[in-house]
file start.txt (compact mmCIF, C-alpha atoms)
# COMPACT_ATOMS: atom_id res chain seq x y z
CA MET A 1 109.80 30.03 79.65
CA PRO A 2 106.83 31.52 77.76
CA SER A 3 103.89 29.21 77.38
CA HIS A 4 102.60 28.25 73.95
CA PRO A 5 99.02 27.42 73.02
CA ARG A 6 98.41 23.71 73.16
CA PRO A 7 97.72 22.30 69.70
CA PRO A 8 94.16 21.04 69.19
CA ARG A 9 93.66 17.39 70.03
CA LYS A 10 91.95 14.96 67.74
CA THR A 11 88.90 13.11 68.88
CA SER A 12 88.29 9.43 68.27
CA ASP A 13 86.70 10.16 64.89
CA GLY A 14 89.70 12.20 63.78
CA SER A 15 88.02 15.61 64.02
CA ARG A 16 89.48 18.54 65.93
CA ASP A 17 88.43 19.05 69.52
CA ALA A 18 85.91 21.78 70.25
CA ARG A 19 87.18 25.19 71.29
CA ARG A 20 85.83 27.41 74.02
CA GLN A 21 82.42 28.86 73.16
CA PRO A 22 82.07 32.65 73.52
CA ARG A 23 79.33 33.49 76.01
CA GLN A 24 80.28 36.82 77.49
CA ARG A 25 80.05 39.99 75.43
CA ARG A 26 83.80 40.54 75.39
CA ALA A 27 84.40 36.98 74.21
CA ARG A 28 81.86 37.37 71.42
CA GLN A 29 83.52 40.60 70.36
CA THR A 30 86.88 38.81 70.24
CA VAL A 31 85.46 36.07 68.01
CA GLU A 32 83.81 38.65 65.75
CA ALA A 33 87.12 40.53 65.48
CA ILE A 34 88.97 37.35 64.55
CA VAL A 35 86.46 36.42 61.84
CA GLU A 36 86.41 39.96 60.45
CA ALA A 37 90.21 40.03 60.43
CA ALA A 38 90.29 36.70 58.59
CA ALA A 39 88.10 38.18 55.85
CA ARG A 40 90.44 41.14 55.36
CA VAL A 41 93.61 39.04 55.42
CA LEU A 42 92.10 36.46 53.07
CA ILE A 43 91.28 39.14 50.51
CA GLU A 44 94.71 40.77 50.82
CA ARG A 45 96.94 37.69 50.99
CA GLY A 46 94.86 34.92 49.48
CA PRO A 47 94.47 31.41 50.95
CA ALA A 48 98.18 30.58 50.73
CA GLY A 49 99.19 33.70 52.66
CA LEU A 50 96.55 33.36 55.35
CA THR A 51 97.92 32.25 58.71
CA THR A 52 96.58 32.33 62.24
CA ASN A 53 99.42 34.69 63.17
CA HIS A 54 98.38 37.16 60.48
CA ILE A 55 94.75 36.92 61.58
CA ALA A 56 95.59 37.43 65.26
CA GLU A 57 97.78 40.42 64.44
CA ARG A 58 95.08 42.05 62.31
CA ALA A 59 92.42 41.34 64.94
CA GLY A 60 94.57 42.84 67.69
CA VAL A 61 94.51 39.70 69.84
CA SER A 62 97.20 37.31 71.01
CA ILE A 63 97.68 34.03 69.19
CA GLY A 64 96.80 32.31 72.45
CA SER A 65 93.45 34.10 72.56
CA LEU A 66 92.75 33.06 68.98
CA TYR A 67 93.43 29.40 69.79
CA GLN A 68 90.98 29.56 72.69
CA TYR A 69 88.18 29.80 70.13
CA PHE A 70 89.56 28.32 66.91
CA PRO A 71 91.85 25.29 66.50
CA ASN A 72 93.17 26.35 63.09
CA LYS A 73 92.60 28.72 60.18
CA GLY A 74 90.18 26.26 58.60
CA ALA A 75 87.82 26.66 61.56
CA ILE A 76 88.02 30.44 61.24
CA LEU A 77 87.26 30.25 57.53
CA ALA A 78 84.33 27.94 58.27
CA ALA A 79 82.99 30.55 60.71
CA LEU A 80 83.42 33.23 58.05
CA GLN A 81 81.62 31.10 55.46
CA LYS A 82 78.82 30.42 57.96
CA GLN A 83 78.48 34.15 58.61
CA GLU A 84 78.18 34.84 54.89
CA MET A 85 75.68 32.01 54.48
CA THR A 86 73.58 33.15 57.44
CA THR A 87 73.35 36.68 56.08
CA THR A 88 72.35 35.42 52.65
CA LEU A 89 69.79 32.99 54.07
CA GLY A 90 68.22 35.74 56.15
CA SER A 91 67.76 38.13 53.25
CA THR A 92 66.57 35.32 50.96
CA ALA A 93 64.03 34.17 53.56
CA ALA A 94 62.54 37.65 53.63
CA ILE A 95 61.96 37.44 49.88
CA LEU A 96 60.57 33.91 49.94
CA ASN A 97 58.13 34.93 52.71
CA ASP A 98 56.79 37.92 50.78
CA VAL A 99 53.13 36.91 50.45
CA GLU A 100 52.41 39.84 48.13
CA LEU A 101 54.18 37.89 45.37
CA GLU A 102 53.16 34.61 43.83
CA PRO A 103 55.47 31.77 44.96
CA ILE A 104 57.13 31.38 41.55
CA GLU A 105 57.79 35.14 41.43
CA ARG A 106 59.43 34.89 44.84
CA VAL A 107 61.81 32.33 43.35
CA ARG A 108 62.64 34.77 40.56
CA ALA A 109 63.19 37.61 43.05
CA ALA A 110 65.38 35.42 45.27
CA ILE A 111 67.59 34.43 42.33
CA HIS A 112 67.97 38.06 41.26
CA HIS A 113 68.77 39.04 44.84
CA PHE A 114 71.47 36.38 45.07
CA PHE A 115 73.15 37.61 41.88
CA GLN A 116 73.19 41.15 43.26
CA SER A 117 74.60 40.05 46.62
CA GLU A 118 77.24 37.97 44.86
CA ALA A 119 78.33 41.03 42.90
CA GLN A 120 78.49 43.17 46.05
CA GLU A 121 80.51 40.58 47.98
CA SER A 122 82.35 39.12 45.00
CA GLU A 123 85.89 39.75 46.27
CA LEU A 124 85.35 37.98 49.58
CA ARG A 125 83.26 35.17 48.13
CA ARG A 126 85.81 34.44 45.39
CA ALA A 127 88.50 34.30 48.06
CA LEU A 128 86.38 31.87 50.10
CA VAL A 129 85.92 29.63 47.06
CA ARG A 130 89.70 29.49 46.59
CA ALA A 131 90.16 28.72 50.29
CA GLU A 132 87.45 26.06 50.47
CA VAL A 133 90.00 23.25 50.67
CA PHE A 134 90.81 24.43 54.20
CA PHE A 135 87.26 24.21 55.56
CA GLU A 136 85.12 22.11 53.20
CA SER A 137 85.08 19.17 55.64
CA ASP A 138 84.31 21.32 58.69
CA PRO A 139 81.00 20.18 60.29
CA SER A 140 79.66 23.73 60.51
CA ASN A 141 80.24 24.22 56.79
CA ARG A 142 78.28 21.08 55.95
CA ALA A 143 75.55 22.13 58.38
CA SER A 144 75.23 25.57 56.78
CA ARG A 145 74.85 24.04 53.33
CA ALA A 146 72.27 21.55 54.57
CA MET A 147 70.33 24.39 56.21
CA ALA A 148 70.22 26.33 52.94
CA ILE A 149 69.02 23.31 51.00
CA GLU A 150 66.33 22.61 53.60
CA GLN A 151 65.13 26.22 53.45
CA ILE A 152 64.70 26.03 49.68
CA HIS A 153 63.12 22.57 49.75
CA SER A 154 60.62 23.53 52.46
CA PHE A 155 59.58 26.62 50.51
CA LEU A 156 59.05 24.69 47.28
CA VAL A 157 57.00 21.95 48.96
CA ALA A 158 54.94 24.32 51.14
CA ASN A 159 53.99 26.41 48.11
CA GLY A 160 53.13 23.51 45.83
CA LEU A 161 56.08 24.04 43.51
CA HIS A 162 57.63 20.65 44.23
CA ASP A 163 56.01 17.49 45.57
CA SER A 164 58.98 15.25 46.35
CA GLN A 165 60.72 14.68 49.66
CA ASP A 166 63.97 14.35 47.71
CA ARG A 167 66.18 17.39 48.38
CA PHE A 168 68.01 16.97 45.06
CA PHE A 169 66.12 19.69 43.19
CA ALA A 170 66.65 22.19 46.01
CA ASP A 171 70.36 21.35 45.98
CA LEU A 172 70.44 21.71 42.20
CA LEU A 173 68.70 25.09 42.36
CA MET A 174 71.11 26.41 44.99
CA THR A 175 74.23 24.97 43.35
CA THR A 176 73.30 26.25 39.90
CA THR A 177 72.46 29.74 41.12
CA ALA A 178 75.59 30.03 43.24
CA SER A 179 77.91 28.58 40.58
CA VAL A 180 76.63 30.76 37.75
CA ALA A 181 76.57 33.89 39.92
CA GLU A 182 80.14 33.27 41.10
CA ALA A 183 81.34 32.62 37.56
CA VAL A 184 79.86 35.72 35.94
CA THR A 185 80.73 38.13 38.76
CA SER A 186 84.36 36.99 38.81
CA ARG A 187 85.07 37.92 35.20
CA GLY A 188 86.29 41.39 36.03
CA GLU A 189 84.05 42.93 33.40
CA ALA A 190 80.60 44.47 33.25
CA VAL A 191 77.90 41.82 32.89
CA ASP A 192 74.12 41.99 32.67
CA LEU A 193 73.30 40.30 35.98
CA SER A 194 69.57 40.56 35.37
CA ARG A 195 69.87 38.63 32.11
CA TRP A 196 71.92 35.90 33.78
CA ALA A 197 69.50 35.68 36.69
CA ASP A 198 66.56 35.38 34.31
CA ALA A 199 68.34 32.60 32.43
CA VAL A 200 68.85 30.65 35.67
CA PHE A 201 65.21 31.26 36.58
CA ALA A 202 64.15 29.91 33.19
CA MET A 203 66.07 26.71 33.86
CA VAL A 204 64.48 26.45 37.30
CA THR A 205 60.94 26.89 35.97
CA LYS A 206 61.62 24.25 33.33
CA GLY A 207 62.76 21.88 36.07
CA LEU A 208 59.59 22.64 38.00
CA GLY A 209 57.49 21.96 34.91
CA ARG A 210 56.32 25.57 34.73
CA ASP A 211 57.93 26.79 31.53
call {"tool": "encode", "arguments": {"input": "start.txt", "output": "structure tokens"}}
result
Amino acid sequence: MPSHPRPPRKTSDGSRDARRQPRQRRARQTVEAIVEAAARVLIERGPAGLTTNHIAERAGVSIGSLYQYFPNKGAILAALQKQEMTTTLGSTAAILNDVELEPIERVRAAIHHFFQSEAQESELRRALVRAEVFFESDPSNRASRAMAIEQIHSFLVANGLHDSQDRFFADLLMTTTASVAEAVTSRGEAVDLSRWADAVFAMVTKGLGRD
């Protein structure tokens, strides 16, 4: 009889057991193919039509191979979200570290950059928002969000724009920027992204006491 992949076990805290970590080049390529396939299938079929079978088929791997690295589609979506977040954090960090600009102008540039990136990746990011119910509790998703908040908070404190150890303002800045950018780019109509970005920046500077 053909063997079937063993379903993921639950640990004592109720979370899914860890999957095999890709170390060799071929394994990493397999994981990358799975995550890339998930992005394409998610856009085409939406969250309700996304299954591990569809992802494996699109990635060109067996369902057994998929389950070696991911216990369910939520874990794959979490990896996709992390990939998107990592890319955004990297490009934002480059702007925030641009010493040729005053710190407050770096904030403005970073907000404008995020609006542009949201517009360029709007289809995938909207799909991820709709699918968030499947991965919002995944530890890697929470870790990615915490990392983004820490990056913003550290920048604000290091550059004298904020003097509190409370991460609330950094969270507010990130949440506001992301929420507004997602809302305006999902309208399906031409919008003045620069005007929206400037409006968010104005709210930020008011919150920083620099209006």
call {"tool": "closest_residue", "arguments": {"input": "start.txt", "among": "A:Gln165, A:Gln83, A:Thr205, A:Asn159", "to": "A:Arg145", "atoms": "all atoms listed in the file"}}
result
A:Gln83
call {"tool": "residues_around", "arguments": {"input": "start.txt", "residues": "A:Thr87", "least_positions_apart": "2", "cutoff": "12 Å", "atoms": "all atoms listed in the file", "output": "PyMOL selection string"}}
result
chain A and resi 80-85+89-94+114+117-118+121+144+148
call {"tool": "closest_atom_pairs", "arguments": {"input": "start.txt", "of": "stretch 59-141 of chain A", "to": "stretch 27-45 of chain A", "cutoff": "12 Å", "atoms": "all atoms listed in the file", "output": "CSV"}}
result
residue,atom,partner,partner_atom,distance
A:Ala59,CA,A:Ala37,CA,5.2
A:Gly60,CA,A:Ala33,CA,8.1
A:Val61,CA,A:Thr30,CA,7.7
A:Ser62,CA,A:Thr30,CA,10.5
A:Ile63,CA,A:Ile34,CA,10.4
A:Ser65,CA,A:Thr30,CA,8.4
A:Leu66,CA,A:Ile34,CA,7.2
A:Tyr67,CA,A:Ile34,CA,10.5
A:Gln68,CA,A:Val31,CA,9.7
A:Tyr69,CA,A:Val31,CA,7.2
A:Phe70,CA,A:Val31,CA,8.8
A:Asn72,CA,A:Ala38,CA,11.6
A:Lys73,CA,A:Ala38,CA,8.5
A:Gly74,CA,A:Ala38,CA,10.4
A:Ala75,CA,A:Val35,CA,9.9
A:Ile76,CA,A:Val35,CA,6.2
A:Leu77,CA,A:Ala38,CA,7.2
A:Ala78,CA,A:Val35,CA,9.4
A:Ala79,CA,A:Val35,CA,6.9
A:Leu80,CA,A:Val35,CA,5.8
A:Gln81,CA,A:Ala39,CA,9.6
A:Lys82,CA,A:Val35,CA,10.5
A:Gln83,CA,A:Val35,CA,8.9
A:Glu84,CA,A:Ala39,CA,10.5
A:Glu121,CA,A:Ile43,CA,11.2
A:Ser122,CA,A:Ile43,CA,10.5
A:Glu123,CA,A:Ile43,CA,6.9
A:Leu124,CA,A:Ile43,CA,6.1
A:Arg125,CA,A:Ile43,CA,9.3
A:Arg126,CA,A:Ile43,CA,8.8
A:Ala127,CA,A:Ile43,CA,6.1
A:Leu128,CA,A:Leu42,CA,7.9
A:Val129,CA,A:Leu42,CA,11.0
A:Arg130,CA,A:Leu42,CA,9.8
A:Ala131,CA,A:Leu42,CA,8.4
A:Glu132,CA,A:Leu42,CA,11.7
call {"tool": "atom_distance", "arguments": {"input": "start.txt", "atom1": "atom CA of A:Ser179", "atom2": "atom CA of A:Ile55"}}
result
28.2 Å
call {"tool": "closest_residue", "arguments": {"input": "start.txt", "among": "A:Leu208, A:Ala181, A:Val133, A:Met147", "to": "A:Ser164", "atoms": "only C-alpha atoms"}}
result
A:Leu208
call {"tool": "closest_residue", "arguments": {"input": "start.txt", "among": "A:Gly188, A:Lys206, A:Arg195, A:Gly46", "to": "A:Ile111", "atoms": "all atoms listed in the file"}}
result
A:Arg195
call {"tool": "closest_residue", "arguments": {"input": "start.txt", "among": "A:Asp166, A:Phe115, A:Ser140, A:Glu105", "to": "A:Val184", "atoms": "all atoms listed in the file"}}
result
A:Phe115
call {"tool": "atom_distance", "arguments": {"input": "start.txt", "atom1": "atom CA of A:Ala183", "atom2": "atom CA of A:His54"}}
result
28.9 Å
call {"tool": "residues_near_point", "arguments": {"input": "start.txt", "point": "(70.2, 37.0, 41.4)", "cutoff": "10 Å", "atoms": "only C-alpha atoms", "output": "NGL selection string"}}
result
:A and (107-119 or 177-178 or 180-181 or 193-198 or 200-201)
call {"tool": "closest_residue", "arguments": {"input": "start.txt", "among": "A:Gly209, A:Thr52, A:Glu102, A:Pro47", "to": "A:His162", "atoms": "all atoms listed in the file"}}
result
A:Gly209
call {"tool": "atom_distance", "arguments": {"input": "start.txt", "atom1": "atom CA of A:Thr88", "atom2": "atom CA of A:Phe134"}}
result
21.5 Å
call {"tool": "closest_residue", "arguments": {"input": "start.txt", "among": "A:Ala56, A:Arg187, A:Leu156, A:Ile149", "to": "A:Thr175", "atoms": "all atoms listed in the file"}}
result
A:Ile149
call {"tool": "axis_aligned_box", "arguments": {"input": "start.txt", "around": "stretch 51-63 of chain A", "padding_each_side": "5 Å", "output": "AutoDock Vina command-line options"}}
result
--center_x 95.9 --center_y 37.5 --center_z 64.9 --size_x 17.0 --size_y 20.6 --size_z 22.3
call {"tool": "residues_near_point", "arguments": {"input": "start.txt", "point": "(67.1, 21.9, 41.4)", "cutoff": "10 Å", "atoms": "all atoms listed in the file", "output": "PyMOL selection string"}}
result
chain A and resi 149+152-153+162+167-177+203-205+207-208
call {"tool": "build_atoms", "arguments": {"input": "start.txt", "residues": "stretch 73-84 of chain A", "atoms": "all heavy atoms", "output": "mmCIF file, in the coordinates of the input"}}
result
data_model
loop_
_atom_site.group_PDB
_atom_site.id
_atom_site.type_symbol
_atom_site.label_atom_id
_atom_site.label_comp_id
_atom_site.auth_asym_id
_atom_site.auth_seq_id
_atom_site.Cartn_x
_atom_site.Cartn_y
_atom_site.Cartn_z
ATOM 1 N N LYS A 73 93.177 27.721 61.072
ATOM 2 C CA LYS A 73 92.600 28.720 60.180
ATOM 3 C C LYS A 73 91.389 28.169 59.431
ATOM 4 O O LYS A 73 90.495 28.925 59.043
ATOM 5 C CB LYS A 73 93.647 29.238 59.181
ATOM 6 C CG LYS A 73 94.087 28.255 58.105
ATOM 7 C CD LYS A 73 95.077 28.931 57.167
ATOM 8 C CE LYS A 73 95.494 28.025 56.026
ATOM 9 N NZ LYS A 73 96.481 28.693 55.130
ATOM 10 N N GLY A 74 91.335 26.849 59.250
ATOM 11 C CA GLY A 74 90.180 26.260 58.600
ATOM 12 C C GLY A 74 88.905 26.500 59.385
ATOM 13 O O GLY A 74 87.847 26.786 58.806
ATOM 14 N N ALA A 75 88.991 26.413 60.709
ATOM 15 C CA ALA A 75 87.820 26.660 61.560
ATOM 16 C C ALA A 75 87.389 28.117 61.479
ATOM 17 O O ALA A 75 86.192 28.424 61.523
ATOM 18 C CB ALA A 75 88.139 26.271 62.998
ATOM 19 N N ILE A 76 88.350 29.023 61.369
ATOM 20 C CA ILE A 76 88.020 30.440 61.240
ATOM 21 C C ILE A 76 87.337 30.705 59.902
ATOM 22 O O ILE A 76 86.339 31.418 59.819
ATOM 23 C CB ILE A 76 89.286 31.317 61.372
ATOM 24 C CG1 ILE A 76 89.992 31.055 62.701
ATOM 25 C CG2 ILE A 76 88.923 32.808 61.245
ATOM 26 C CD1 ILE A 76 91.328 31.755 62.835
ATOM 27 N N LEU A 77 87.862 30.091 58.853
ATOM 28 C CA LEU A 77 87.260 30.250 57.530
ATOM 29 C C LEU A 77 85.850 29.658 57.491
ATOM 30 O O LEU A 77 84.959 30.195 56.832
ATOM 31 C CB LEU A 77 88.143 29.593 56.468
ATOM 32 C CG LEU A 77 89.467 30.307 56.190
ATOM 33 C CD1 LEU A 77 90.350 29.464 55.278
ATOM 34 C CD2 LEU A 77 89.211 31.674 55.558
ATOM 35 N N ALA A 78 85.663 28.545 58.200
ATOM 36 C CA ALA A 78 84.330 27.940 58.270
ATOM 37 C C ALA A 78 83.364 28.893 58.961
ATOM 38 O O ALA A 78 82.202 29.013 58.563
ATOM 39 C CB ALA A 78 84.388 26.608 59.020
ATOM 40 N N ALA A 79 83.825 29.576 60.009
ATOM 41 C CA ALA A 79 82.990 30.550 60.710
ATOM 42 C C ALA A 79 82.664 31.730 59.795
ATOM 43 O O ALA A 79 81.541 32.252 59.815
ATOM 44 C CB ALA A 79 83.689 31.039 61.970
ATOM 45 N N LEU A 80 83.642 32.134 58.993
ATOM 46 C CA LEU A 80 83.420 33.230 58.050
ATOM 47 C C LEU A 80 82.409 32.818 56.976
ATOM 48 O O LEU A 80 81.499 33.580 56.634
ATOM 49 C CB LEU A 80 84.750 33.626 57.405
ATOM 50 C CG LEU A 80 84.696 34.708 56.325
ATOM 51 C CD1 LEU A 80 84.097 35.998 56.879
ATOM 52 C CD2 LEU A 80 86.106 34.958 55.779
ATOM 53 N N GLN A 81 82.559 31.605 56.454
ATOM 54 C CA GLN A 81 81.620 31.100 55.460
ATOM 55 C C GLN A 81 80.210 30.997 56.047
ATOM 56 O O GLN A 81 79.226 31.345 55.388
ATOM 57 C CB GLN A 81 82.083 29.720 54.975
ATOM 58 C CG GLN A 81 81.101 28.978 54.078
ATOM 59 C CD GLN A 81 81.026 29.561 52.681
ATOM 60 O OE1 GLN A 81 81.610 30.602 52.412
ATOM 61 N NE2 GLN A 81 80.309 28.897 51.798
ATOM 62 N N LYS A 82 80.122 30.522 57.296
ATOM 63 C CA LYS A 82 78.820 30.420 57.960
ATOM 64 C C LYS A 82 78.182 31.791 58.112
ATOM 65 O O LYS A 82 76.963 31.952 57.932
ATOM 66 C CB LYS A 82 78.978 29.760 59.329
ATOM 67 C CG LYS A 82 77.663 29.581 60.073
ATOM 68 C CD LYS A 82 77.873 28.897 61.418
ATOM 69 C CE LYS A 82 76.551 28.732 62.168
ATOM 70 N NZ LYS A 82 76.755 28.070 63.484
ATOM 71 N N GLN A 83 78.983 32.786 58.460
ATOM 72 C CA GLN A 83 78.480 34.150 58.610
ATOM 73 C C GLN A 83 77.909 34.663 57.295
ATOM 74 O O GLN A 83 76.825 35.266 57.260
ATOM 75 C CB GLN A 83 79.614 35.051 59.086
ATOM 76 C CG GLN A 83 79.250 36.505 59.280
ATOM 77 C CD GLN A 83 80.408 37.300 59.851
ATOM 78 O OE1 GLN A 83 80.733 37.202 61.025
ATOM 79 N NE2 GLN A 83 81.050 38.079 59.000
ATOM 80 N N GLU A 84 78.650 34.429 56.208
ATOM 81 C CA GLU A 84 78.180 34.840 54.890
ATOM 82 C C GLU A 84 76.888 34.120 54.528
ATOM 83 O O GLU A 84 75.933 34.711 54.015
ATOM 84 C CB GLU A 84 79.255 34.532 53.839
ATOM 85 C CG GLU A 84 80.406 35.505 53.820
ATOM 86 C CD GLU A 84 79.988 36.847 53.271
ATOM 87 O OE1 GLU A 84 79.569 36.932 52.103
ATOM 88 O OE2 GLU A 84 80.055 37.832 54.032
#
